[in-house]
Amino acid sequence: MTASEAKAIAKAHQRLKDNLELIQKNFTVAELSVVLDISMNTWTNRMKEPWKRFSYDDLYMIAQYCRVDFISLVTGELRIR
């Protein structure tokens, strides 16, 4: 892996984390934990590395519940009003 590829991957990871943090501000950790049927502690632990610790299904359920585009959640930059 080249340095530029590693940098692009790191940027994508940060973008996903930023998107989830934005969602977390608009919906509570408690609420999102219920959606995924996990504890709030598990949510917090998964947020440390969401690109590794959340499954495709988890991210899909978050997108559906929060009414955001799945592709935007994973690869774009969310803007929530």
# chains A, B, ... in the order shown; residues from 1 in each chain; ligands from 1
call {"tool": "residues_around", "arguments": {"residues": "Val68 in chain A", "least_positions_apart": "6", "cutoff": "9 Å", "atoms": "only C-alpha atoms", "output": "PyMOL selection string"}}
result
chain A and resi 62+78+80
call {"tool": "write_last_selection", "arguments": {"atoms": "all heavy atoms", "output": "compact mmCIF listing (two decimals), in the first residue's frame"}}
result
# COMPACT_ATOMS: atom_id res chain seq x y z
N ILE A 62 -28.67 1.94 10.95
CA ILE A 62 -28.51 3.32 11.39
C ILE A 62 -29.03 4.27 10.31
O ILE A 62 -29.78 5.21 10.60
CB ILE A 62 -27.04 3.62 11.73
CG1 ILE A 62 -26.61 2.86 12.99
CG2 ILE A 62 -26.81 5.12 11.91
CD1 ILE A 62 -25.11 2.83 13.22
N LEU A 78 -22.18 13.75 5.57
CA LEU A 78 -23.57 14.02 5.95
C LEU A 78 -23.76 15.45 6.41
O LEU A 78 -22.88 16.04 7.04
CB LEU A 78 -23.99 13.10 7.11
CG LEU A 78 -24.29 11.65 6.79
CD1 LEU A 78 -24.75 10.95 8.08
CD2 LEU A 78 -25.32 11.50 5.71
N ILE A 80 -27.03 17.18 8.36
CA ILE A 80 -28.35 16.97 8.94
C ILE A 80 -28.88 18.31 9.40
O ILE A 80 -28.19 19.06 10.08
CB ILE A 80 -28.30 15.98 10.13
CG1 ILE A 80 -27.80 14.62 9.63
CG2 ILE A 80 -29.67 15.84 10.77
CD1 ILE A 80 -27.64 13.59 10.72
call {"tool": "select_by_dssp", "arguments": {"residues": "chain A", "states": "alpha helix (DSSP H)", "output": "ChimeraX atom specification"}}
result
/A:3-26,29-36,40-46,50-53,56-66,70-75
call {"tool": "atom_distance", "arguments": {"atom1": "CA of Ala10 in chain A", "atom2": "CA of Glu49 in chain A"}}
result
11.2 Å
call {"tool": "atom_distance", "arguments": {"atom1": "CA of Trp51 in chain A", "atom2": "CA of Lys17 in chain A"}}
result
7.8 Å
call {"tool": "atom_distance", "arguments": {"atom1": "CA of His13 in chain A", "atom2": "CA of Asp37 in chain A"}}
result
23.6 Å
call {"tool": "residues_around", "arguments": {"residues": "Leu22 in chain A", "least_positions_apart": "6", "cutoff": "12 Å", "atoms": "only C-alpha atoms", "output": "list in words"}}
result
Arg15, Leu16, Thr28, Val29, Cys66, Val68, Leu73, Glu77, Leu78, Arg79, Ile80 and Arg81 of chain A
call {"tool": "write_last_selection", "arguments": {"atoms": "N, CA, C and O atoms", "output": "PDB file, in the first residue's frame"}}
result
ATOM      1  N   ARG A  15     -14.013  10.210   7.907  1.00  0.00           N
ATOM      2  CA  ARG A  15     -15.297  10.693   7.383  1.00  0.00           C
ATOM      3  C   ARG A  15     -16.455   9.868   7.954  1.00  0.00           C
ATOM      4  O   ARG A  15     -17.462  10.416   8.372  1.00  0.00           O
ATOM      5  N   LEU A  16     -16.303   8.542   7.990  1.00  0.00           N
ATOM      6  CA  LEU A  16     -17.342   7.685   8.571  1.00  0.00           C
ATOM      7  C   LEU A  16     -17.538   8.022  10.046  1.00  0.00           C
ATOM      8  O   LEU A  16     -18.667   8.166  10.515  1.00  0.00           O
ATOM      9  N   THR A  28     -29.647  10.191  20.417  1.00  0.00           N
ATOM     10  CA  THR A  28     -28.815   9.866  21.577  1.00  0.00           C
ATOM     11  C   THR A  28     -28.127   8.515  21.414  1.00  0.00           C
ATOM     12  O   THR A  28     -28.575   7.662  20.640  1.00  0.00           O
ATOM     13  N   VAL A  29     -27.057   8.332  22.163  1.00  0.00           N
ATOM     14  CA  VAL A  29     -26.380   7.038  22.191  1.00  0.00           C
ATOM     15  C   VAL A  29     -27.353   5.976  22.669  1.00  0.00           C
ATOM     16  O   VAL A  29     -27.382   4.863  22.125  1.00  0.00           O
ATOM     17  N   CYS A  66     -32.254   6.655  10.936  1.00  0.00           N
ATOM     18  CA  CYS A  66     -31.996   8.096  10.966  1.00  0.00           C
ATOM     19  C   CYS A  66     -32.427   8.796   9.673  1.00  0.00           C
ATOM     20  O   CYS A  66     -32.277  10.011   9.548  1.00  0.00           O
ATOM     21  N   VAL A  68     -31.165   8.700   6.626  1.00  0.00           N
ATOM     22  CA  VAL A  68     -30.080   9.276   5.840  1.00  0.00           C
ATOM     23  C   VAL A  68     -29.699   8.259   4.761  1.00  0.00           C
ATOM     24  O   VAL A  68     -29.926   7.052   4.913  1.00  0.00           O
ATOM     25  N   LEU A  73     -23.770   8.081   4.255  1.00  0.00           N
ATOM     26  CA  LEU A  73     -23.283   7.759   5.598  1.00  0.00           C
ATOM     27  C   LEU A  73     -21.897   7.134   5.528  1.00  0.00           C
ATOM     28  O   LEU A  73     -20.992   7.521   6.258  1.00  0.00           O
ATOM     29  N   GLU A  77     -20.309  12.949   2.985  1.00  0.00           N
ATOM     30  CA  GLU A  77     -20.254  13.864   4.118  1.00  0.00           C
ATOM     31  C   GLU A  77     -21.685  14.251   4.450  1.00  0.00           C
ATOM     32  O   GLU A  77     -22.335  14.963   3.694  1.00  0.00           O
ATOM     33  N   LEU A  78     -22.182  13.748   5.569  1.00  0.00           N
ATOM     34  CA  LEU A  78     -23.566  14.018   5.953  1.00  0.00           C
ATOM     35  C   LEU A  78     -23.764  15.449   6.407  1.00  0.00           C
ATOM     36  O   LEU A  78     -22.881  16.039   7.039  1.00  0.00           O
ATOM     37  N   ARG A  79     -24.933  15.950   6.097  1.00  0.00           N
ATOM     38  CA  ARG A  79     -25.388  17.235   6.608  1.00  0.00           C
ATOM     39  C   ARG A  79     -26.817  16.998   7.091  1.00  0.00           C
ATOM     40  O   ARG A  79     -27.667  16.627   6.304  1.00  0.00           O
ATOM     41  N   ILE A  80     -27.028  17.179   8.361  1.00  0.00           N
ATOM     42  CA  ILE A  80     -28.351  16.971   8.937  1.00  0.00           C
ATOM     43  C   ILE A  80     -28.882  18.315   9.398  1.00  0.00           C
ATOM     44  O   ILE A  80     -28.190  19.064  10.082  1.00  0.00           O
ATOM     45  N   ARG A  81     -30.108  18.590   9.019  1.00  0.00           N
ATOM     46  CA  ARG A  81     -30.734  19.869   9.404  1.00  0.00           C
ATOM     47  C   ARG A  81     -31.420  19.756  10.712  1.00  0.00           C
ATOM     48  O   ARG A  81     -31.920  18.834  11.145  1.00  0.00           O
TER      49      ARG A  81
END
